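J.: Provided herewith: work25.csv, CSV, C-alpha atoms and all ligand atoms.
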```csv
chain,number,residue,atom,x,y,z
A,1,MET,CA,6.5,-18.4,14.6
A,2,LEU,CA,6.0,-14.9,15.7
A,3,LYS,CA,6.9,-15.6,19.3
A,4,ASN,CA,10.2,-13.9,19.0
A,5,VAL,CA,8.8,-10.8,17.6
A,6,PRO,CA,8.3,-8.1,20.2
A,7,SER,CA,4.8,-6.8,20.2
A,8,GLY,CA,3.0,-3.6,21.0
A,9,GLY,CA,3.5,0.1,20.6
A,10,ALA,CA,6.8,0.2,22.4
A,11,ALA,CA,8.3,-2.1,19.7
A,12,ALA,CA,6.9,0.0,17.0
A,13,ALA,CA,8.5,3.1,18.5
A,14,PHE,CA,11.8,1.2,18.9
A,15,ALA,CA,11.6,0.1,15.3
A,16,LEU,CA,11.1,3.7,14.1
A,17,ALA,CA,13.9,5.0,16.2
A,18,ALA,CA,16.1,2.1,15.0
A,19,ALA,CA,15.3,2.8,11.4
A,20,LEU,CA,16.2,6.4,11.8
A,21,CYS,CA,19.3,5.4,13.6
A,22,VAL,CA,20.5,3.1,10.8
A,23,HIS,CA,19.6,5.7,8.3
A,24,GLY,CA,21.8,8.2,10.0
A,25,ALA,CA,24.7,5.9,9.2
A,26,ALA,CA,27.3,4.8,11.7
A,27,THR,CA,28.7,7.2,14.1
A,28,ALA,CA,30.8,6.3,17.1
A,29,ALA,CA,27.7,6.8,19.3
A,30,ASP,CA,25.7,4.3,17.3
A,31,ALA,CA,28.1,1.4,18.0
A,32,PRO,CA,27.0,0.8,21.6
A,33,LYS,CA,23.4,1.0,20.6
A,34,ALA,CA,24.0,-1.6,17.9
A,35,ASP,CA,25.4,-3.8,20.6
A,36,ALA,CA,22.4,-3.3,22.8
A,37,ALA,CA,20.3,-4.3,19.8
A,38,LYS,CA,21.7,-7.8,19.9
A,39,SER,CA,18.7,-8.8,21.9
A,40,GLY,CA,16.6,-8.0,18.9
A,41,ALA,CA,14.6,-5.4,20.8
A,42,LYS,CA,16.1,-2.2,19.4
A,43,VAL,CA,16.5,-2.7,15.7
A,44,ASP,CA,13.5,-4.4,14.4
A,45,TYR,CA,14.9,-6.3,11.4
A,46,THR,CA,11.5,-7.8,10.7
A,47,LYS,CA,10.5,-4.4,9.3
A,48,ILE,CA,13.5,-3.9,7.1
A,49,ALA,CA,13.8,-5.6,3.7
A,50,PRO,CA,17.3,-7.0,3.0
A,51,PRO,CA,18.0,-4.6,0.1
A,52,ASP,CA,17.2,-1.6,2.3
A,53,LEU,CA,19.5,-2.9,5.1
A,54,VAL,CA,22.3,-3.3,2.6
A,55,LYS,CA,21.8,0.2,1.3
A,56,GLN,CA,21.5,1.7,4.8
A,57,THR,CA,24.5,0.0,6.4
A,58,PRO,CA,28.1,0.9,5.7
A,59,LYS,CA,30.2,-1.9,4.2
A,60,GLY,CA,31.3,-4.4,6.8
A,61,GLN,CA,28.8,-3.5,9.5
A,62,ILE,CA,25.9,-5.8,9.0
A,63,LYS,CA,25.9,-8.1,12.0
A,64,ASN,CA,23.7,-11.1,12.5
A,65,PRO,CA,21.9,-10.6,15.8
A,66,TYR,CA,21.5,-14.4,16.2
A,67,ASN,CA,24.1,-17.2,16.7
A,68,ASP,CA,23.9,-20.8,15.9
A,69,SER,CA,23.7,-21.9,19.5
A,70,GLN,CA,20.1,-20.7,19.4
A,71,ALA,CA,18.4,-24.0,18.4
A,72,ASP,CA,15.0,-22.4,17.8
A,73,ILE,CA,16.5,-19.8,15.4
A,74,VAL,CA,18.4,-22.5,13.6
A,75,ALA,CA,15.3,-24.7,13.2
A,76,ASP,CA,13.3,-21.7,11.9
A,77,GLY,CA,16.2,-20.7,9.6
A,78,GLN,CA,16.3,-24.2,8.2
A,79,GLN,CA,12.6,-24.1,7.3
A,80,LYS,CA,13.1,-20.8,5.6
A,81,PHE,CA,16.2,-22.1,3.8
A,82,LEU,CA,14.0,-24.8,2.4
A,83,SER,CA,11.0,-22.5,1.7
A,84,TYR,CA,13.1,-20.1,-0.4
A,85,SER,CA,14.6,-23.1,-2.3
A,86,CYS,CA,18.2,-22.5,-1.3
A,87,ASN,CA,18.4,-26.2,-1.1
A,88,GLY,CA,17.7,-26.6,-4.8
A,89,CYS,CA,21.3,-25.4,-5.4
A,90,HIS,CA,23.1,-25.9,-2.1
A,91,GLY,CA,21.5,-29.1,-0.9
A,92,GLY,CA,19.2,-29.4,2.1
A,93,GLY,CA,22.0,-29.4,4.6
A,94,GLY,CA,24.0,-26.7,2.7
A,95,GLY,CA,26.6,-29.3,1.7
A,96,GLY,CA,26.5,-28.4,-1.9
A,97,GLY,CA,25.1,-30.1,-5.0
A,98,MET,CA,24.9,-28.1,-8.2
A,99,CYS,CA,26.4,-25.2,-6.3
A,100,PRO,CA,29.1,-24.5,-3.8
A,101,PRO,CA,28.9,-26.0,-0.3
A,102,LEU,CA,28.1,-23.6,2.5
A,103,THR,CA,29.6,-26.0,5.1
A,104,ASN,CA,33.3,-25.9,4.3
A,105,ASP,CA,36.1,-23.4,5.1
A,106,VAL,CA,36.2,-22.0,1.6
A,107,TRP,CA,34.3,-18.7,1.3
A,108,VAL,CA,34.0,-17.3,-2.2
A,109,TYR,CA,34.0,-13.6,-1.3
A,110,ASP,CA,34.4,-14.0,2.5
A,111,GLY,CA,32.5,-15.7,5.3
A,112,ASP,CA,31.7,-12.8,7.6
A,113,ASP,CA,28.1,-11.9,8.4
A,114,ASP,CA,28.2,-8.7,6.3
A,115,THR,CA,29.5,-10.3,3.1
A,116,LEU,CA,27.1,-13.3,3.2
A,117,PHE,CA,24.2,-11.0,3.8
A,118,ARG,CA,25.1,-8.8,0.9
A,119,LEU,CA,25.8,-11.8,-1.4
A,120,VAL,CA,22.4,-13.5,-0.8
A,121,THR,CA,20.6,-10.1,-1.1
A,122,LEU,CA,22.4,-8.7,-4.2
A,123,GLY,CA,23.5,-11.9,-5.9
A,124,SER,CA,27.0,-12.4,-7.4
A,125,ASP,CA,26.7,-9.9,-10.2
A,126,GLU,CA,25.6,-6.9,-8.1
A,127,LEU,CA,28.0,-7.8,-5.4
A,128,GLN,CA,30.9,-7.8,-7.9
A,129,LYS,CA,29.7,-4.4,-9.1
A,130,ALA,CA,29.9,-3.2,-5.5
A,131,GLY,CA,33.6,-4.0,-5.6
A,132,TYR,CA,33.8,-7.6,-4.3
A,133,SER,CA,35.7,-10.2,-6.1
A,134,ARG,CA,35.9,-14.0,-5.9
A,135,HIS,CA,39.0,-15.0,-3.9
A,136,GLY,CA,37.9,-18.4,-2.7
A,137,SER,CA,37.6,-21.0,-5.3
A,138,GLU,CA,35.0,-23.7,-4.8
A,139,ASN,CA,34.7,-26.8,-6.9
A,140,VAL,CA,31.7,-25.3,-8.7
A,141,VAL,CA,31.7,-21.7,-10.0
A,142,GLY,CA,28.6,-19.8,-11.0
A,143,PRO,CA,26.5,-16.8,-10.1
A,144,MET,CA,24.4,-16.8,-7.0
A,145,PRO,CA,21.0,-15.2,-7.9
A,146,PRO,CA,19.8,-12.1,-6.0
A,147,PHE,CA,17.3,-13.0,-3.3
A,148,GLY,CA,16.9,-9.7,-1.6
A,149,THR,CA,13.5,-8.8,-2.9
A,150,LEU,CA,12.2,-12.3,-2.4
A,151,ILE,CA,13.1,-12.7,1.2
A,152,LYS,CA,10.5,-11.0,3.4
A,153,SER,CA,12.7,-9.3,5.9
A,154,SER,CA,16.2,-8.9,7.1
A,155,ASP,CA,15.2,-11.0,10.1
A,156,ASP,CA,14.3,-13.9,7.9
A,157,LEU,CA,17.7,-13.7,6.1
A,158,PHE,CA,19.5,-13.5,9.4
A,159,ARG,CA,17.7,-16.7,10.5
A,160,ILE,CA,18.6,-18.4,7.2
A,161,LEU,CA,22.2,-17.4,7.6
A,162,THR,CA,22.2,-18.7,11.2
A,163,PHE,CA,21.1,-22.0,9.9
A,164,VAL,CA,24.0,-21.9,7.4
A,165,ARG,CA,26.4,-21.2,10.2
A,166,SER,CA,25.0,-24.2,12.1
A,167,LYS,CA,26.0,-26.4,9.2
A,168,TYR,CA,29.6,-25.4,9.2
A,169,SER,CA,31.3,-28.8,9.1
A,170,ALA,CA,33.1,-30.2,12.1
A,171,ASN,CA,35.9,-31.2,9.6
A,172,ALA,CA,36.4,-27.6,8.5
A,173,ASP,CA,38.9,-25.3,10.1
A,174,PRO,CA,37.1,-23.6,13.0
A,175,HIS,CA,39.2,-20.4,12.4
A,176,TYR,CA,37.4,-19.8,9.1
A,177,LYS,CA,33.8,-20.3,10.3
A,178,TYR,CA,33.2,-16.5,10.1
A,179,GLY,CA,35.5,-15.9,7.2
A,180,THR,CA,39.1,-14.7,7.1
A,181,PRO,CA,40.2,-14.1,10.7
A,182,PRO,CA,41.0,-10.3,11.2
A,183,GLU,CA,44.7,-11.0,11.8
A,184,GLN,CA,45.0,-12.5,8.3
A,185,LYS,CA,43.3,-9.7,6.4
A,201,LIG,C1,20.4,-21.1,-8.6
A,201,LIG,C2,21.2,-21.7,-7.7
A,201,LIG,C3,21.3,-21.0,-6.3
A,201,LIG,C4,20.3,-20.8,-5.4
A,201,LIG,C5,18.8,-21.0,-5.6
A,201,LIG,C6,20.9,-20.3,-4.2
A,201,LIG,N1,22.3,-20.2,-4.4
A,201,LIG,FE1,23.6,-19.5,-3.0
A,201,LIG,N2,25.1,-19.7,-4.3
A,201,LIG,C7,25.0,-20.2,-5.6
A,201,LIG,C8,26.2,-20.1,-6.4
A,201,LIG,C9,26.5,-20.5,-7.8
A,201,LIG,C10,27.1,-19.5,-5.4
A,201,LIG,C11,28.6,-19.1,-5.7
A,201,LIG,C12,28.6,-17.6,-6.1
A,201,LIG,C13,29.8,-17.0,-6.7
A,201,LIG,O1,30.8,-17.8,-6.9
A,201,LIG,O2,29.7,-15.9,-7.1
A,201,LIG,C14,26.4,-19.3,-4.2
A,201,LIG,C15,27.0,-18.9,-3.0
A,201,LIG,C16,26.3,-18.8,-1.8
A,201,LIG,C17,27.0,-18.5,-0.5
A,201,LIG,C18,28.4,-18.3,-0.3
A,201,LIG,C19,29.2,-19.6,-0.3
A,201,LIG,C20,30.7,-19.6,-0.2
A,201,LIG,O3,31.3,-20.6,0.0
A,201,LIG,O4,31.2,-18.4,-0.1
A,201,LIG,C21,26.0,-18.5,0.4
A,201,LIG,C22,26.1,-18.3,1.9
A,201,LIG,C23,24.7,-18.8,-0.3
A,201,LIG,N3,25.0,-19.0,-1.6
A,201,LIG,C24,23.5,-18.9,0.4
A,201,LIG,C25,22.3,-19.1,-0.3
A,201,LIG,C26,21.0,-19.0,0.3
A,201,LIG,C27,20.8,-18.6,1.8
A,201,LIG,C28,20.1,-19.2,-0.7
A,201,LIG,C29,18.6,-19.1,-0.5
A,201,LIG,C30,18.0,-17.9,-0.1
A,201,LIG,C31,20.8,-19.5,-1.9
A,201,LIG,N4,22.1,-19.4,-1.6
A,201,LIG,C32,20.2,-19.9,-3.1
A,201,LIG,C33,23.8,-20.7,-6.2
A,201,LIG,C34,22.5,-20.6,-5.6
```
Could I get this structure in the form of structure tokens?

T.:
Amino acid sequence: MLKNVPSGGAAAAFALAAALCVHGAATAADAPKADAAKSGAKVDYTKIAPPDLVKQTPKGQIKNPYNDSQADIVADGQQKFLSYSCNGCHGGGGGGGMCPPLTNDVWVYDGDDDTLFRLVTLGSDELQKAGYSRHGSENVVGPMPPFGTLIKSSDDLFRILTFVRSKYSANADPHYKYGTPPEQK
């Protein structure tokens, strides 16, 4: 399970630098570094709790370092989805149940990485206090509970959300997989 986590002092040094970097908020100079971090080597999300990442990152800039073509991440994300009981409300395949499906092209707040990360971390109530409102309407409406303090690390949440992406239905409009396309905002 830890095989994707970089080990050794170099990683620790990276993590520290990365934490400081995130803390310093986004400057133009940070953007290329964030891109370089896509490999997972630079920003060590395994060491940042989701609520901290939410606090440290300007709105709109949380980016999942994984994508759903990475089968090992998807499989791990699925295990975590089940272990945090997301399936209790959303169904084991994310297709809904008592609560909204995660697989269709309707996103309650929006479907981009940043919004989904904040929703699962803060829950509906806090997200709305942060200025978000429901604009997509699912067949079931209710509050999503806050999971930020339960989920061990931002890395775990990224993995879970990668699994969620992988369940995006083949019948749903592919343009909306990551939320409202920029040209429609
Ligand atoms: C107690 C039931 C419950 C549990 C447990 C739960 N959710 Fe939710 N979830 C909801 C509800 C209700 C909504 C709709 C929120 C709203 O309308 O404000 C939602 C919304 C979502 C959305 C956005 C869906 C959309 O169409 O925009 C995602 C993604 C999501 N949940 C992921 C998760 C993950 C990941 C977990 C586990 C860590 C989880 N949920 C656990 C009830 C739950």

J.: Distance cut-off 10 Å, centre (24.0, -25.8, -7.0) in file coordinates, counting only C-alpha atoms: which residues qualify? Return them as a list in words.

T.: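 Residues close enough to count: Cys86, Asn87, Gly88, Cys89, His90, Gly91, Gly94, Gly95, Gly96, Gly97, Met98, Cys99, Pro100, Pro101, Val140, Val141, Gly142, Pro143 and Met144 of chain A.
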
J.: Could the residues that lie within 9 Å of ligand LIG 201 (chain A), counting all atoms listed in the file, be listed as a ChimeraX atom specification?

T.: /A:80-90,94,98-111,115-117,119-121,123-125,127-128,133-134,136-138,140-148,150-151,157,160-161,163-165,179

J.: With distances taken over only C-alpha atoms, which residue among A:Ser154, A:Ala130, A:Asp113, A:Ser69 lies nearest Ala49 in chain A?

T.: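 That would be A:Ser154, the residue with the smallest distance to Ala49 in chain A.
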
J.: Under the rule that only C-alpha atoms are counted, which of A:Pro181, A:Gly131, A:Pro50, A:Gly93 is the nearest residue to Ser169 in chain A?

T.: A:Gly93

J.: Could you jot down the CA of Pro65 in chain A to CA of Gln184 in chain A separation for me, Å, one decimal place?

T.: 24.4 Å

J.: What is the CA of Gly77 in chain A-CA of His175 in chain A distance in Å, reported with one decimal?

T.: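 Taking CA of Gly77 in chain A and CA of His175 in chain A, their separation equals 23.2 Å.
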
J.: CA of Val74 in chain A and CA of Thr162 in chain A, how far apart in Å?

T.: 5.9 Å

J.: Restricting the calculation to all atoms listed in the file, which member of A:Lys129, A:Ser166, A:Ser153, A:Arg159 is positioned closest to Ile48 in chain A?

T.: A:Ser153
